[in-house]
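Trainee: Pasting work-v9.txt here (compact mmCIF, C-alpha atoms):
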# COMPACT_ATOMS: atom_id res chain seq x y z
CA MET A 1 -98.56 -29.13 -47.42
CA ARG A 2 -97.31 -28.38 -50.93
CA ILE A 3 -99.18 -25.78 -52.96
CA ARG A 4 -98.62 -23.95 -56.28
CA GLU A 5 -98.28 -20.24 -56.82
CA ILE A 6 -99.66 -19.52 -60.28
CA LYS A 7 -98.88 -16.10 -61.70
CA HIS A 8 -100.48 -14.76 -64.87
CA LYS A 9 -98.49 -11.96 -66.47
CA LEU A 10 -100.03 -9.22 -68.62
CA ASN A 11 -98.32 -10.62 -71.73
CA GLY A 12 -100.20 -13.93 -71.26
CA GLU A 13 -97.27 -15.85 -69.78
CA ARG A 14 -98.14 -18.26 -66.96
CA MET A 15 -95.57 -19.03 -64.28
CA GLU A 16 -95.84 -21.69 -61.57
CA PHE A 17 -93.84 -22.16 -58.39
CA ASP A 18 -93.94 -25.12 -56.02
CA CYS A 19 -94.34 -23.74 -52.49
CA LYS A 20 -95.14 -24.79 -48.95
CA LEU A 21 -98.43 -23.60 -47.44
CA LEU A 22 -97.70 -21.91 -44.10
CA GLU A 23 -101.04 -20.32 -43.26
CA ARG A 24 -104.50 -20.02 -44.76
CA SER A 25 -107.62 -18.11 -43.73
CA ASP A 26 -110.71 -16.95 -45.61
CA ARG A 27 -108.98 -13.72 -46.65
CA SER A 28 -105.25 -14.51 -46.69
CA VAL A 29 -102.61 -17.09 -47.51
CA VAL A 30 -98.90 -17.23 -46.74
CA LEU A 31 -96.61 -19.44 -48.80
CA LEU A 32 -92.93 -20.29 -48.42
CA TYR A 33 -90.58 -20.62 -51.39
CA ARG A 34 -86.80 -21.03 -51.43
CA ILE A 35 -84.96 -19.33 -54.28
CA PRO A 36 -82.78 -22.05 -55.86
CA SER A 37 -80.06 -19.89 -57.41
CA ASP A 38 -78.64 -16.39 -57.14
CA ALA A 39 -80.99 -13.71 -58.47
CA LYS A 40 -81.11 -9.94 -58.77
CA VAL A 41 -84.19 -7.74 -58.44
CA GLY A 42 -83.64 -4.06 -59.07
CA GLU A 43 -80.50 -3.23 -57.10
CA LEU A 44 -81.06 -6.11 -54.66
CA SER A 45 -79.06 -9.35 -54.83
CA LEU A 46 -80.81 -12.50 -53.62
CA PRO A 47 -78.40 -15.34 -52.83
CA ALA A 48 -79.33 -18.96 -53.51
CA GLY A 49 -81.29 -20.28 -50.55
CA THR A 50 -83.10 -17.00 -49.88
CA THR A 51 -86.49 -17.76 -48.34
CA THR A 52 -89.58 -16.03 -49.70
CA TYR A 53 -92.51 -15.57 -47.36
CA ALA A 54 -95.26 -14.74 -49.86
CA HIS A 55 -98.26 -12.94 -48.33
CA TYR A 56 -101.54 -12.80 -50.31
CA TRP A 57 -104.88 -11.20 -49.44
CA SER A 58 -108.21 -11.63 -51.19
CA ASP A 59 -109.18 -8.00 -50.56
CA ARG A 60 -105.98 -6.16 -51.51
CA PRO A 61 -104.66 -5.27 -54.99
CA PHE A 62 -101.17 -6.55 -54.18
CA ASN A 63 -99.15 -9.30 -52.54
CA VAL A 64 -95.82 -9.05 -50.73
CA TYR A 65 -92.73 -11.25 -50.90
CA HIS A 66 -90.65 -10.89 -47.74
CA TRP A 67 -87.15 -12.10 -48.61
CA ILE A 68 -85.02 -13.56 -45.81
CA ALA A 69 -81.34 -14.33 -46.46
CA PRO A 70 -79.89 -17.73 -45.50
CA ASP A 71 -78.34 -16.04 -42.43
CA GLY A 72 -81.83 -14.96 -41.24
CA THR A 73 -81.65 -11.26 -42.07
CA THR A 74 -84.28 -9.43 -44.10
CA LEU A 75 -83.14 -8.58 -47.62
CA GLY A 76 -86.26 -6.75 -48.73
CA TYR A 77 -90.00 -6.53 -49.24
CA TYR A 78 -91.22 -6.92 -52.80
CA VAL A 79 -94.75 -5.70 -53.44
CA ASN A 80 -96.36 -7.16 -56.57
CA LEU A 81 -99.29 -5.17 -57.92
CA GLY A 82 -102.09 -7.56 -58.83
CA ASP A 83 -105.78 -7.09 -59.46
CA THR A 84 -107.11 -10.60 -59.00
CA VAL A 85 -106.27 -13.41 -56.61
CA ALA A 86 -107.98 -16.74 -56.08
CA PHE A 87 -107.27 -19.24 -53.32
CA HIS A 88 -107.70 -22.86 -54.39
CA GLU A 89 -107.23 -26.06 -52.42
CA ASP A 90 -103.92 -26.69 -54.18
CA GLY A 91 -102.84 -23.20 -55.22
CA VAL A 92 -102.88 -19.44 -55.17
CA GLU A 93 -103.57 -17.89 -58.56
CA TRP A 94 -103.17 -14.20 -59.33
CA ARG A 95 -102.70 -11.69 -62.14
CA ASP A 96 -99.47 -9.72 -62.03
CA LEU A 97 -99.89 -6.08 -63.11
CA ALA A 98 -96.16 -5.80 -63.96
CA VAL A 99 -95.24 -2.86 -61.72
CA ASP A 100 -93.51 -3.78 -58.46
CA ILE A 101 -92.28 -1.87 -55.42
CA LEU A 102 -89.11 -2.89 -53.60
CA ARG A 103 -88.41 -1.70 -50.05
CA THR A 104 -85.04 -2.50 -48.51
CA PRO A 105 -84.36 -2.64 -44.75
CA ASP A 106 -82.48 0.69 -44.92
CA GLY A 107 -85.71 2.37 -46.10
CA ARG A 108 -84.92 2.74 -49.80
CA THR A 109 -87.92 2.31 -52.10
CA GLN A 110 -87.75 1.51 -55.81
CA VAL A 111 -90.67 1.34 -58.24
CA LEU A 112 -89.76 -1.31 -60.82
CA ASP A 113 -90.92 -2.45 -64.26
CA THR A 114 -92.84 0.68 -65.24
CA ASP A 115 -91.47 0.18 -68.76
CA GLU A 116 -93.77 -2.84 -69.09
CA LEU A 117 -96.79 -0.49 -69.19
CA GLU A 118 -96.04 0.81 -72.68
CA ASP A 119 -98.38 -1.70 -74.36
CA VAL A 120 -101.11 -1.55 -71.71
CA SER A 121 -104.47 0.10 -72.39
CA PRO A 122 -104.92 3.60 -70.95
CA GLY A 123 -107.66 2.38 -68.58
CA LEU A 124 -105.50 -0.41 -67.15
CA ARG A 125 -102.53 1.95 -66.93
CA ARG A 126 -104.62 4.38 -64.82
CA LYS A 127 -105.69 1.50 -62.58
CA ILE A 128 -102.08 0.39 -62.08
CA VAL A 129 -100.94 3.93 -61.28
CA ALA A 130 -103.76 4.30 -58.72
CA ILE A 131 -102.80 1.00 -57.05
CA ARG A 132 -99.13 2.00 -57.05
CA ASP A 133 -99.93 5.34 -55.42
CA GLN A 134 -102.12 3.64 -52.79
CA ILE A 135 -99.36 1.18 -51.91
CA LEU A 136 -96.69 3.88 -51.71
CA ALA A 137 -98.91 5.85 -49.31
CA GLU A 138 -99.42 2.76 -47.10
CA LEU A 139 -96.02 1.09 -47.58
CA ASP A 140 -94.67 1.63 -44.06
CA ASP A 141 -97.79 0.04 -42.54
CA VAL A 142 -97.75 -2.85 -45.03
CA VAL A 143 -94.06 -3.57 -44.32
CA ARG A 144 -94.68 -3.53 -40.54
CA GLU A 145 -97.62 -5.91 -40.92
CA VAL A 146 -95.71 -8.33 -43.16
CA ALA A 147 -92.58 -8.21 -40.97
CA GLY A 148 -94.67 -9.05 -37.91
CA ALA A 149 -96.50 -11.91 -39.63
CA THR A 150 -93.26 -13.37 -41.01
CA ALA A 151 -91.57 -13.15 -37.59
CA ARG A 152 -94.52 -14.98 -36.00
CA LEU A 153 -94.45 -17.72 -38.66
CA ARG A 154 -90.68 -18.16 -38.25
CA ARG A 155 -91.06 -18.48 -34.46
CA GLU A 156 -93.86 -21.02 -34.87
CA ASP A 157 -91.79 -22.98 -37.38
CA SER A 158 -88.72 -23.10 -35.13
CA ALA A 159 -90.83 -24.09 -32.11
CA GLY A 160 -92.80 -26.71 -34.00
Rewrite the structure of this file - the entire thing - as structure tokens.
Mentor:
Amino acid sequence: MRIREIKHKLNGERMEFDCKLLERSDRSVVLLYRIPSDAKVGELSLPAGTTTYAHYWSDRPFNVYHWIAPDGTTLGYYVNLGDTVAFHEDGVEWRDLAVDILRTPDGRTQVLDTDELEDVSPGLRRKIVAIRDQILAELDDVVREVAGATARLRREDSAG
């Protein structure tokens, strides 16, 4: 089933991505998106054809993109800070809080896009910093959970 990821950025920009719905429950959704052309995020290169397994939860202030290279290896885990998410019949809609955390398979962690907080209100900035700190404290557990869920979905897809 096709479904849209709708991202609202702090600057008011709205971005939409056409995805495949892989899994849906009352509290979570997993979408699949293939990156059409080469991209770079932080120090990480994403070749065209990279598969994004996008994990969303209704009760967490973040979502995670698990990037799998065309050869099947994990490239990285990209944690998007977000304070709202809504699951609709035909989409997942969320507000991106700008700051992101990238974890590579070799264990390196980068906090990205902190420069985008310059024009954010002090209250929202404090909220973002608190969410960032929470994620950094739980990052190993989050990565393990996402890796396990992605592996299960890939097995189910190849068996199906």
Trainee: Between A:Asp90, A:Glu23, A:Asp100, A:Asp141, which has the minimum distance to Asp113 in chain A (counting all atoms listed in the file)?
Mentor: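 Among the listed residues, the smallest separation from Asp113 in chain A belongs to A:Asp100.
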Trainee: Would you work out the distance separating CA of Leu124 in chain A from CA of Asn11 in chain A, expressed in Å to one decimal?
Mentor: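 We find that CA of Leu124 in chain A and CA of Asn11 in chain A lie 13.3 Å from each other.
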Trainee: Within 8 Å of range 149-155 of chain A, which residues of range 4-120 of chain A come that close, and what is the closest atom pair and distance in Å for each? Count all atoms listed in the file and give it as CSV.
Mentor:
residue,atom,partner,partner_atom,distance
A:Leu22,CA,A:Leu153,CA,7.6
A:Tyr53,CA,A:Thr150,CA,6.8
A:His66,CA,A:Thr150,CA,7.6
Trainee: Give me the residues within 12 Å of Ser121 in chain A as a list in words, counting all atoms listed in the file and dropping any in the same chain fewer than 6 places off.
Mentor: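 The residues that qualify are Leu10, Lys127 and Ile128 of chain A.
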Trainee: For Pro105 in chain A, work out the shell of residues within 12 Å, counting all atoms listed in the file and skipping chain neighbours fewer than 4 positions away, then give it as a ChimeraX atom specification.
Mentor: /A:44,66-68,73-78,109,140,143-144,147
Trainee: State, in Å with one decimal place, the distance from CA of Asp119 in chain A to CA of Lys40 in chain A.
Mentor: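 These two atoms are separated by 24.7 Å.
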Trainee: Neighbouring residues of Ala48 in chain A were defined as those with any atom within 6 Å, considering all atoms listed in the file; residues of the same chain fewer than 5 positions away were excluded. Please report them as a list in words.
Mentor: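 My reading of the contact set: Ile35, Pro36, Ser37 and Asp38 of chain A.
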Trainee: Please measure the separation of CA of Trp94 in chain A and CA of Val129 in chain A, giving the value in Å to one decimal.
Mentor: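 CA of Val129 in chain A lies 18.4 Å from CA of Trp94 in chain A.
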Trainee: Go through A:Thr114, A:Ser158, A:Ser45, A:Gln134 one by one, measure the shortest atom-to-atom distance of each to Arg60 in chain A using only C-alpha atoms, and give the residue with the smallest value.
Mentor: A:Gln134
Trainee: So which residues touch Val99 in chain A within 9 Å, counting only C-alpha atoms, skipping near sequence neighbours fewer than 2 positions away, as a list in words?
Mentor: Val79, Asn80, Leu81, Gly82, Asp96, Leu97, Ile101, Val111, Leu112, Asp113, Thr114, Asp115, Glu116, Leu117, Ile128, Val129 and Arg132 of chain A
Trainee: Restricting the calculation to only C-alpha atoms, which member of A:Gly42, A:Gly12, A:Gly49, A:Pro122 is positioned closest to Gly72 in chain A?
Mentor: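 Counting only C-alpha atoms, the residue closest to Gly72 in chain A is A:Gly49.
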Trainee: Between A:Arg34, A:His88, A:Arg108, A:His55, which one has atoms that come closest to Leu136 in chain A, using all atoms listed in the file?
Mentor: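 Nearest to Leu136 in chain A: A:Arg108.
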Trainee: For a quick check of understanding, using all atoms listed in the file, which of A:Asp157, A:Glu145, A:Glu93, A:Ile131 has the smallest distance to Pro61 in chain A?
Mentor: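 Of all the options, A:Ile131 lies closest to Pro61 in chain A.
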Trainee: Skipping near chain neighbours, those fewer than 6 positions away, what residues fall within 12 Å of Met1 in chain A using all atoms listed in the file, listed as a list in words?
Mentor: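 The residues that qualify are Asp18, Cys19, Lys20, Leu21, Leu22, Glu23, Arg24, Val30, Leu31, Leu32, Glu89, Asp90 and Gly91 of chain A.
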Trainee: Would you write out those residues with C-alpha atoms, as a PDB file, keeping the file's coordinate frame?
Mentor:
ATOM      1  CA  ASP A  18     -93.940 -25.120 -56.020  1.00  0.00           C
ATOM      2  CA  CYS A  19     -94.340 -23.740 -52.490  1.00  0.00           C
ATOM      3  CA  LYS A  20     -95.140 -24.790 -48.950  1.00  0.00           C
ATOM      4  CA  LEU A  21     -98.430 -23.600 -47.440  1.00  0.00           C
ATOM      5  CA  LEU A  22     -97.700 -21.910 -44.100  1.00  0.00           C
ATOM      6  CA  GLU A  23    -101.040 -20.320 -43.260  1.00  0.00           C
ATOM      7  CA  ARG A  24    -104.500 -20.020 -44.760  1.00  0.00           C
ATOM      8  CA  VAL A  30     -98.900 -17.230 -46.740  1.00  0.00           C
ATOM      9  CA  LEU A  31     -96.610 -19.440 -48.800  1.00  0.00           C
ATOM     10  CA  LEU A  32     -92.930 -20.290 -48.420  1.00  0.00           C
ATOM     11  CA  GLU A  89    -107.230 -26.060 -52.420  1.00  0.00           C
ATOM     12  CA  ASP A  90    -103.920 -26.690 -54.180  1.00  0.00           C
ATOM     13  CA  GLY A  91    -102.840 -23.200 -55.220  1.00  0.00           C
TER      14      GLY A  91
END
Trainee: Kindly compute an axis-aligned box around the listed atoms of range 22-33 of chain A, allowing 3 Å on each side, and express its centre and edge lengths in Å to one decimal as lines of an AutoDock Vina configuration file.
Mentor:
center_x = -100.6
center_y = -17.8
center_z = -47.3
size_x = 26.1
size_y = 14.2
size_z = 14.1
